[in-house]
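Working notes for the structure below.
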Number of protein chains: 2
Amino acid sequence: MDTKKYAPGIVKYIPFLYVVWADNLLSASEISVFKKAVENDTLTQAEKDRVNSWLRPGNPPEDEVITSWKQLIDASGVKLLESDNYPLTAFSQRLFSNENDGSGPDENLKFIEINLGIQPNHYRHLFDVRTDKVPTTDFYDPLQIDLVLKGAHAPHIDKFRKLLSDPLFQWNIQRDKDAFRIRTLEQVKLLASHGYGAMAYDKAYGGIGNMPAYAGIFENLMYVDGSLTIKFGVQFGLFGGSIQNLGTKKHHDQWLKATGEAKILGCFAMTETGHGSNVRGIKTTATYVRETGTIVIDTPGKNDNKEYIGNALHARMATVFAQLIVNGTNEGVHAILVPVRDENGDLMPGVRIEDNGYKLGLNGVDNGKIWFSNVSVPRENLLDRFGRIDGNGNYQSDISNPNKRFFTMLGTLVGGRICVAKGALSGAKMALAIAVKYALYRRQFNSGEKVQEDLIMDYPSHQLRLIAPIALTYVYHITLDHMIRSYASSTEETRRQTETQAAALKALITDFSNTTIQECREACGGKGYLLENRIGDLKNDVDIFTTFEGDNTVLLQLAAKGVLTDFKSEFNSDHFGDILKLLGTQLSDRLTTFNPLFTNNTDKDHLFDPGFHLEALQYRTRRLTFTAASRIRSYLKKGVPSQQVSLNIQTHLITLGKTYGAMLSYEIFSGFVENMADKRLQFLFRKLGALYALMYIRDNAAWYLEHGYISSNKSKAIRQRVERLCTELRPHVASLVDGYGIPEHCLTAPIGKK
Amino acid sequence: MDTKKYAPGIVKYIPFLYVVWADNLLSASEISVFKKAVENDTLTQAEKDRVNSWLRPGNPPEDEVITSWKQLIDASGVKLLESDNYPLTAFSQRLFSNENDGSGPDENLKFIEINLGIQPNHYRHLFDVRTDKVPTTDFYDPLQIDLVLKGAHAPHIDKFRKLLSDPLFQWNIQRDKDAFRIRTLEQVKLLASHGYGAMAYDKAYGGIGNMPAYAGIFENLMYVDGSLTIKFGVQFGLFGGSIQNLGTKKHHDQWLKATGEAKILGCFAMTETGHGSNVRGIKTTATYVRETGTIVIDTPGKNDNKEYIGNALHARMATVFAQLIVNGTNEGVHAILVPVRDENGDLMPGVRIEDNGYKLGLNGVDNGKIWFSNVSVPRENLLDRFGRIDGNGNYQSDISNPNKRFFTMLGTLVGGRICVAKGALSGAKMALAIAVKYALYRRQFNSGEKVQEDLIMDYPSHQLRLIAPIALTYVYHITLDHMIRSYASSTEETRRQTETQAAALKALITDFSNTTIQECREACGGKGYLLENRIGDLKNDVDIFTTFEGDNTVLLQLAAKGVLTDFKSEFNSDHFGDILKLLGTQLSDRLTTFNPLFTNNTDKDHLFDPGFHLEALQYRTRRLTFTAASRIRSYLKKGVPSQQVSLNIQTHLITLGKTYGAMLSYEIFSGFVENMADKRLQFLFRKLGALYALMYIRDNAAWYLEHGYISSNKSKAIRQRVERLCTELRPHVASLVDGYGIPEHCLTAPIGKK
């Protein structure tokens with residue numbers, strides 16, 4: 001290099017200056033990083049002044065100066081070595097000394113390289129590069145990351161993952177539903193024989209009474225197969241769970257152990273053809289006949305059959321939800337245990353079951369329709385924790401309001417929703433792992449001057465496509481693990497809130513998972529379309545997660561209504577109107593007085609600040625809640641009927657439900673990260689959180705702009721920061737997907753193996 | 001009704017006033033509609049003043065007044081009859097006179113009802129309603145709509161649709177790929193026997209030389225099956241098209257007729273495992289051996305095989321793309337006809353073909369990998385329209401630049417891209433037709449006071465989900481039909497522009513189609529997940545349309561680069577830098593001086609004005625083009641290598657590609673609509689165009705807000721207008737999906753039949 005032009009102490013900064021100005025993205029906090037390094041250097045004051053003169057954001061160096069730097073670097077003949085720990089630092093030192101003096105990295109340069117997050121893919125095209133063999137770093141240990149994700153369930157999960165190497169769990173292409181169902185049933189039985197079915201039940205029934213651990217192994221099942229996951233969930237979670245949560249000791253004693261061992265197969269017969277989302281409106285009747293002490297189950301009309309019932313072709317028992325009629329009074333929806341097949345597998349009299357046939361995915365699950373024609377069962381088969389028929393044949397319940405009773409029953413089943421979200425998330429993780437592994441060896445296109453083409457992982461669009469959703473998987477994983485624990489420890493008082501939260505998260509995360517799997521399919525091109533590469537099945541299996549255990553559109557409205565109820569009960573409801581008016585004034589004041597220093601703040605430190613993220617998410621949730629409440633009130637005051645009000649603001653409610661879920665996830669995740677013991681990992685997790693939050697604001701920038709919460713410049717800066725964060729996380733992308741802990745024997749996709 | 005409180009002439013306006021104020025959405029042009037009706041009425045001036053006093057947007061009637069209207073209406077006992085042609089008008093007249101005097105609708109009320117687009121689902125919950133039997137109107141005749149869409153190809157399409165009722169085209173569930181492929185091949189042969197394979201070829205080869213008509217029947221094939229569509233396209237479009245477009249008369253004479261008759265089956269062997277999107281980088285060699293006058297085809301490395309080649313398991317011939325080496329010089333990629341099987345179907349010596357196996361969809365298409373080991377073919381097999389080997393064994397071409405030659409060859413194949421987009425769009429139409437038909441009888445939830453639940457078509461979220469994409473299908477249909485015609489009539493000069501346009505539209509429309517089919521699946525809940533209901537296969541089949549015939553991410557960048565090239569060549573390139581600077585100044589001036597009357601204009605007339613839509617789309621395209629050009633220039637000036645520049649602005653280019661495609665579609669569509677002869681249909685199509693454009697602005701509101709192009713209020717108003725437009729189109733939704741003209745015998749989905 002032409003050392004005559006610049007003093008040696010300055011020369012070493014030239015590559016940094018070049019990269020920074022070629023990239024054109026310096027915020028105040030980034031400049032301060034650079035300046036701090038220069039300040040700590042042993043340069044003369046004049047030299048420092050010279051370097052600092054190139055660090056004025058409003059006044060960048062002339063193009064000619066920048067180009068001359070490039071020419072100096074090119075002329076030096078020094079090559080950049082990507083495998084160096086601090087490649088740009090080492091490169092700059094070699095430029096300076098023309099040899100590596102073995103003294104290790106220059107601390108000041110290293111300080112800049114680390115704190116600006118400059119990555120080889122930012123600048124590798126700028127210099128003459130000796131390409132790495134390994135296109136990722138092992139700075140973070142995937143095993144350590146996996147430990148964080150497994151949390152308290154690590155011993156269970158580790159043992160379980162080993163079991164999954166059993167040949168019975170080896171994935172293969174399944175096209176025939178009947179063969180597939182038989183295999184899936186065998187898998188379920190094998191898991192039961194190892195005690196996994198009963199995990200959430202009490203010890204007396206073969207379990208360990210640990211719902212969160214059950215959920216932890218459940219989500220790992222997705223790495224084997226979606227059908228297995230769902231059939232397992234139907235048998236032990238839905239059918240077994242209905243006995244556990246809606247039944248009483250006599251039911252537990254009689255059925256729970258055999259259910260956990262898969263010796264009695266059961267199904268959960270709630271949905272009807274005519275009533276998918278509106279469970280309260282189901283038509284099946286369960287009429288108590290005092291004379292015989294029996295309950296008669298009947299399907300009144302042709303569309304009132306149970307529909308899409310998993311395990312229907314294998315089950316001996318069904319938990320049937322029906323309108324319970326006692327002494328001529330409809331006591332609302334209750335659950336009754338009804339034998340549907342005898343020990344030989346033949347249908348019981350009055351029961352008709354039809355195969356639902358081929359589905360888009362999950363063809364290893366035997367879904368069917370069930371009709372009942374005056375089927376009698378003993379009174380004792382009523383799962384009577386919340387409502388019973390006494391010895392005199394009279395109905396009794398501790399919850400007198402039928403509505404409240406119905407929702408109390410449903411509420412106990414919320415664990416299933418959290419599990420569904422966990423399963424979907426595993427699908428997204430698996431697809432991401434495959435797509436990332438492929439992107440780390442697949443090359444496409446080049447500059448025309450090089451022999452080797454670029455790794456597709458180094459394309460910005462590919463980074464956005466894969467790395468941003470990886471950040472979301474981490475946030476959602478921590479969130480769901482927290483949720484399942486708070487569900488397991490919930491009381492009847494806190495359950496309504498858990499329900500609101502689970503509804504929002506189930507919808508949000510299953511939608512996210514589907515979108516992500518689709519991105520992964522496209523990111524793998526034609527290879528992603530081959531079934532052998534697994535993404536196809538994940539896509540088709542997870543697809544229906546948006547519909548079952550509560551249609552997402554319905555759940556988001558449910559969540560929003562829960563938020564509104566909380567909001568209303570926060571205040572004395574007598575003066576709710578006045579309070580709304582007051583809040584409105586405060587919010588509008590707030591709106592017009594948003595501090596321009598805040599709305600215009602595009603500095604990196606601010607944009608990465610969890611305080612900013614939380615405030616942005618909470619502000620939107622609060623504001624959408626308030627405006628929804630105001631709109632409802634205003635419609636009601638004009639005499640608009642309440643069902644019409646719900647319709648009028650339906651899209652508003654859906655947005656509120658989503659926003660609430662996004663906020664909740666970040667609250668849980670950022671709280672978790674603050675308490676992480678491993679500071680090195682904490683740094684990584686903070687970045688994941690920042691990417692999550694900035695993605696959220698970016699995706700909803702129109703709203704934030706409309707409300708003056710961010711300025712145009714801030715909106716643009718957030719978009720740029722999202723891309724930068726993806727680049728900063730790029731070297732760790734292999735560790736991040738390995739950190740999911742997907743067992744090697746489950747990752748069978750050929751494109752995931754190179 | 002309490003006629004004492006209001007004069008009779010006023011009473012009839014009360015229901016309108018109530019609906020309007022309960023809805024809270026009156027813009028200036030809507031008020032003027034109302035006022036105009038009142039002005040034309042025979043009321044006294046005092047009465048007019050009274051009504052007008054309730055029509056002040058900034059000063060709405062008190063809640064007490066509004067509620068009293070509701071009470072008056074309720075007390076009247078008059079019922080609303082949805083099946084009336086103008087339900088609100090008729091209802092109001094009955095309120096007024098307490099009997100229908102048979103004089104027909106009041107012209108002034110009717111004027112308001114039509115021009116405000118008030119629909120029963122706006123207000124049916126407000127009044128006591130006698131529910132319709134038919135929840136849609138037949139105001140528009142689907143046959144008339146279909147005629148518009150079929151355009152000049154109507155006779156061909158009508159005849160073709162009848163043929164599709166042949167039992168061989170009856171859809172059924174296919175799980176076994178081998179059986180499926182055989183059936184698909186039979187279907188292709190049947191179509192060929194009717195002359196449909198050859199349609200785009202000249203008369204001498206059994207065709208009618210009509211590429212647009214070919215594309216018209218191609219898109220109808222999707223209603224039968226995706227695999228059939230693609231296998232048909234591979235045989236006649238890609239294989240036959242390569243002979244037609246890249247070959248010369250000797251090739252046409254020898255092969256084209258038999259190809260069109262499917263007597264010779266062929267495949268199009270371009271993509272290699274190692275080179276999906278980067279065709280120029282393929283590794284297969286075609287070496288001319290002067291001594292024998294033959295060309296030797298060879299696959300050099302293990303990943304250099306032809307990959308994912310459709311028809312590979314059935315084909316006798318392959319058009320092989322390879323690096324042509326003549327006298328030791330690589331002349332770039334050329335296409336050579338290579339026999340791969342003999343007449344008995346046995347592989348030719350040196351040819352190896354492997355099945356690609358099961359895919360996510362399109363399992364009726366036999367995709368395979370092909371390796372060549374020094375396979376010799378006569379010199380004449382070179383498809384030599386753009387480059388030939390003369391009698392002396394020397395290479396000759398009229399296009400001396402190898403790059404230009406390569407792109408000229410590829411350019412002739414652009415028709416395939418347009419067809420792919422058409423096929424994807426048909427998939428979206430079919431899914432929408434099924435989902436809409438289902439939503440028109442499926443009911444879910446109710447107000448708790450009524451027996452009947454609401455049609456899911458009447459939920460605002462469902463309308464947004466289905467009606468907005470219906471509008472887009474209409475815009476894209478007209479656009480693609482225009483495109484295929486301009487492709488068919490393109491010259492070598494105009495072809496580059498056609499290519500840019502086709503690249504953007506293929507990416508945009510295949511992405512849209514996938515998203516739409518997914519929405520339809522979810523909109524049909526669990527029913528949508530059953531294969532018998534067709535949406536599943538559509539989803540899996542159309543999925544890969546985003547990847548083949550050009551990966552969408554790559555195509556969007558290609559389109560953007562085309563736009564930038566045009567932009568640059570618009571100006572004298574010597575002074576391009578100065579021009580950019582000048583344009584920059586103009587644009588910034590423009591930016592700071594956006595007329596607030598424009599950026600704040602939320603009036604309905606303005607928001608529905610095609611001029612506004614066009615300007616918004618063009619402004620964004622222009623601005624993104626300009627900023628991309630400026631960024632490129634700025635990077636280049638700093639010495640950043642051009643490949644790195646492309647990476648740095650990759651996401652910018654992708655956005656530009658999408659925006660360009662969106663603008664182009666609206667330009668073509670709005671031009672088409674302005675020339676429609678049927679004014680009644682024109683009115684409908686204008687609404688579809690408005691919904692398309694407002695959806696675009698809504699989805700990109702962050703950008704428009706950032707650039708000060710719209711104010712916050714305008715952004716909100718656009719969001720509301722989108723929802724309103726969906727509501728206004730709601731009564732016509734059945735006509736709109738029937739207007740696609742999908743043959744009844746193809747619509748086999750049970751949920752599409754009720």
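Naming works like this for the structure tokens: A, B, ... for the chains as they're shown, residue 1 at the start of each chain, ligands 1 onward in shown order.
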Interface residues on chain A facing chain B, 7 Å, only C-alpha atoms, written as a PyMOL selection string: chain A and resi 22+63+66-67+70+125-126+175+275+278+358-360+444-445+447+459-461+522+525-526+529-531+536+547+635+637-641+643-644+647+650-651+701-702+705-706+712
Save out the residues we just selected, C-alpha atoms, as a compact mmCIF listing (two decimals), in the first residue's frame.
```
# COMPACT_ATOMS: atom_id res chain seq x y z
CA ALA A 22 -19.35 2.10 0.82
CA ASP A 63 -16.29 9.86 -3.70
CA ILE A 66 -13.37 6.67 -1.06
CA THR A 67 -12.35 5.37 -4.47
CA LYS A 70 -10.25 1.12 -2.69
CA HIS A 125 -16.89 -8.51 -2.74
CA LEU A 126 -14.94 -5.36 -2.08
CA ARG A 175 -49.01 -42.41 0.00
CA HIS A 275 -70.91 -26.46 13.67
CA ASN A 278 -69.58 -22.50 17.13
CA TYR A 358 -57.81 -38.32 1.91
CA LYS A 359 -56.71 -34.99 3.24
CA LEU A 360 -54.10 -32.49 2.14
CA GLN A 444 -25.97 -19.70 -7.62
CA PHE A 445 -24.68 -16.93 -9.88
CA SER A 447 -19.86 -11.82 -10.53
CA TYR A 459 -28.05 -13.08 -0.73
CA PRO A 460 -29.82 -10.37 1.31
CA SER A 461 -33.23 -11.56 0.15
CA GLU A 522 -39.51 -21.58 -2.07
CA GLY A 525 -36.51 -24.12 -5.12
CA GLY A 526 -37.43 -27.34 -6.88
CA TYR A 529 -40.78 -29.55 -3.70
CA LEU A 530 -39.56 -33.15 -3.52
CA LEU A 531 -41.26 -35.06 -0.73
CA GLY A 536 -43.67 -30.72 1.55
CA THR A 547 -58.04 -24.35 11.63
CA TYR A 635 -72.37 1.97 18.17
CA LYS A 637 -75.29 4.27 22.07
CA LYS A 638 -76.87 4.56 18.63
CA GLY A 639 -78.87 1.42 19.25
CA VAL A 640 -76.91 -0.87 16.95
CA PRO A 641 -77.39 -4.49 18.12
CA GLN A 643 -73.85 -8.78 17.05
CA GLN A 644 -73.81 -6.11 14.36
CA LEU A 647 -69.32 -7.41 12.67
CA GLN A 650 -64.43 -7.38 13.12
CA THR A 651 -61.22 -6.49 11.29
CA ALA A 701 -45.11 0.57 9.79
CA ALA A 702 -48.19 2.01 8.09
CA LEU A 705 -46.68 6.19 10.68
CA GLU A 706 -50.38 6.97 10.59
CA SER A 712 -40.58 8.52 7.86
```
Step one, run DSSP on the backbone; step two, keep only residues of range 612-747 of chain A assigned to helix (DSSP H, G or I); then write them as number ranges by chain. A: 612-637, 642-648, 650-674, 679-699, 701-706, 712-738
Using only C-alpha atoms, find the one residue out of A:Gln144, A:Ser92, A:Gln187, A:Ser665 that sits nearest to Leu164 in chain A.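 Distance minimum relative to Leu164 in chain A lands on A:Gln187.
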Show which residues sit within 7 Å of Pro142 in chain B, as a ChimeraX atom specification. Count only C-alpha atoms, and ignore same-chain residues fewer than 5 positions away. /B:735-736,738-739
Preceding selection exported with N, CA, C and O atoms as an mmCIF file, in the first residue's frame:
```cif
data_model
loop_
_atom_site.group_PDB
_atom_site.id
_atom_site.type_symbol
_atom_site.label_atom_id
_atom_site.label_comp_id
_atom_site.auth_asym_id
_atom_site.auth_seq_id
_atom_site.Cartn_x
_atom_site.Cartn_y
_atom_site.Cartn_z
ATOM 1 N N SER B 735 -72.027 -14.061 -9.122
ATOM 2 C CA SER B 735 -71.856 -13.769 -10.550
ATOM 3 C C SER B 735 -70.384 -13.647 -10.901
ATOM 4 O O SER B 735 -69.952 -14.056 -11.978
ATOM 5 N N LEU B 736 -69.623 -13.089 -9.988
ATOM 6 C CA LEU B 736 -68.205 -12.886 -10.276
ATOM 7 C C LEU B 736 -67.453 -14.208 -10.384
ATOM 8 O O LEU B 736 -66.603 -14.370 -11.256
ATOM 9 N N ASP B 738 -68.914 -17.165 -10.979
ATOM 10 C CA ASP B 738 -69.471 -17.891 -12.131
ATOM 11 C C ASP B 738 -68.952 -17.299 -13.435
ATOM 12 O O ASP B 738 -68.842 -17.999 -14.445
ATOM 13 N N GLY B 739 -68.641 -16.020 -13.383
ATOM 14 C CA GLY B 739 -68.114 -15.340 -14.563
ATOM 15 C C GLY B 739 -66.775 -15.889 -15.034
ATOM 16 O O GLY B 739 -66.365 -15.648 -16.167
#
```
Excluding Ala90 in chain B and any residue of its chain fewer than 6 positions from it, enumerate the residues within 9 Å of it, using only C-alpha atoms, and give them as a PyMOL selection string. chain B and resi 80-81+84+100+104-106+109-110
Store the residues picked out above, limited to all heavy atoms, as a short mmCIF file (atom, residue, chain, number, x, y, z; two decimals), in the first residue's frame.
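And here is the file that came out, part_36.cif:
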```
data_model
loop_
_atom_site.label_atom_id
_atom_site.label_comp_id
_atom_site.auth_asym_id
_atom_site.auth_seq_id
_atom_site.Cartn_x
_atom_site.Cartn_y
_atom_site.Cartn_z
N LEU B 80 -88.11 -5.71 6.68
CA LEU B 80 -87.27 -5.52 5.51
C LEU B 80 -87.23 -6.82 4.73
O LEU B 80 -87.09 -7.90 5.31
CB LEU B 80 -85.86 -5.15 5.98
CG LEU B 80 -84.91 -4.80 4.86
CD1 LEU B 80 -84.59 -3.32 4.91
CD2 LEU B 80 -83.65 -5.61 4.96
N LEU B 81 -87.37 -6.70 3.41
CA LEU B 81 -87.39 -7.90 2.58
C LEU B 81 -86.17 -7.87 1.66
O LEU B 81 -86.09 -7.06 0.74
CB LEU B 81 -88.68 -7.90 1.76
CG LEU B 81 -89.03 -9.19 1.04
CD1 LEU B 81 -89.21 -10.35 2.02
CD2 LEU B 81 -90.32 -8.97 0.24
N ASP B 84 -86.23 -7.83 -2.27
CA ASP B 84 -86.60 -6.66 -3.06
C ASP B 84 -85.41 -6.23 -3.90
O ASP B 84 -84.26 -6.38 -3.48
CB ASP B 84 -87.00 -5.50 -2.13
CG ASP B 84 -88.46 -5.63 -1.66
OD1 ASP B 84 -89.28 -6.15 -2.43
OD2 ASP B 84 -88.74 -5.20 -0.53
N ASN B 100 -97.59 -1.23 0.21
CA ASN B 100 -96.90 -1.01 -1.05
C ASN B 100 -97.93 -0.60 -2.08
O ASN B 100 -98.82 -1.35 -2.43
CB ASN B 100 -96.20 -2.31 -1.48
CG ASN B 100 -95.02 -2.00 -2.37
OD1 ASN B 100 -95.05 -1.01 -3.10
ND2 ASN B 100 -94.00 -2.83 -2.31
N GLY B 104 -93.88 1.34 -7.69
CA GLY B 104 -92.45 1.14 -7.96
C GLY B 104 -91.59 1.95 -7.03
O GLY B 104 -92.09 2.75 -6.23
N PRO B 105 -90.29 1.74 -7.13
CA PRO B 105 -89.38 2.39 -6.18
C PRO B 105 -89.37 3.91 -6.33
O PRO B 105 -89.42 4.44 -7.43
CB PRO B 105 -88.01 1.79 -6.54
CG PRO B 105 -88.15 1.19 -7.89
CD PRO B 105 -89.59 0.82 -8.04
N ASP B 106 -89.30 4.56 -5.21
CA ASP B 106 -89.12 6.01 -5.16
C ASP B 106 -87.75 6.33 -5.77
O ASP B 106 -86.72 5.82 -5.34
CB ASP B 106 -89.19 6.45 -3.69
CG ASP B 106 -88.94 7.94 -3.50
OD1 ASP B 106 -87.87 8.44 -3.92
OD2 ASP B 106 -89.82 8.59 -2.91
N LEU B 109 -84.99 7.81 -3.37
CA LEU B 109 -84.41 6.84 -2.44
C LEU B 109 -83.50 5.86 -3.20
O LEU B 109 -82.39 5.56 -2.77
CB LEU B 109 -85.51 6.07 -1.71
CG LEU B 109 -86.42 6.91 -0.81
CD1 LEU B 109 -87.49 6.02 -0.16
CD2 LEU B 109 -85.62 7.63 0.28
N LYS B 110 -83.99 5.39 -4.31
CA LYS B 110 -83.23 4.45 -5.13
C LYS B 110 -81.87 5.06 -5.53
O LYS B 110 -80.83 4.39 -5.51
CB LYS B 110 -84.06 4.14 -6.39
CG LYS B 110 -83.51 3.04 -7.26
CD LYS B 110 -84.45 2.78 -8.43
CE LYS B 110 -83.66 2.55 -9.71
NZ LYS B 110 -84.50 2.55 -10.91
#
```
Please provide the set of residues having any atom within 10 Å of Leu256 in chain B, restricted to only C-alpha atoms, with same-chain residues fewer than 4 positions apart removed, written as a PyMOL selection string. chain B and resi 198+201-202+204-207+236+239-241+243-244+249-252+260-262+264
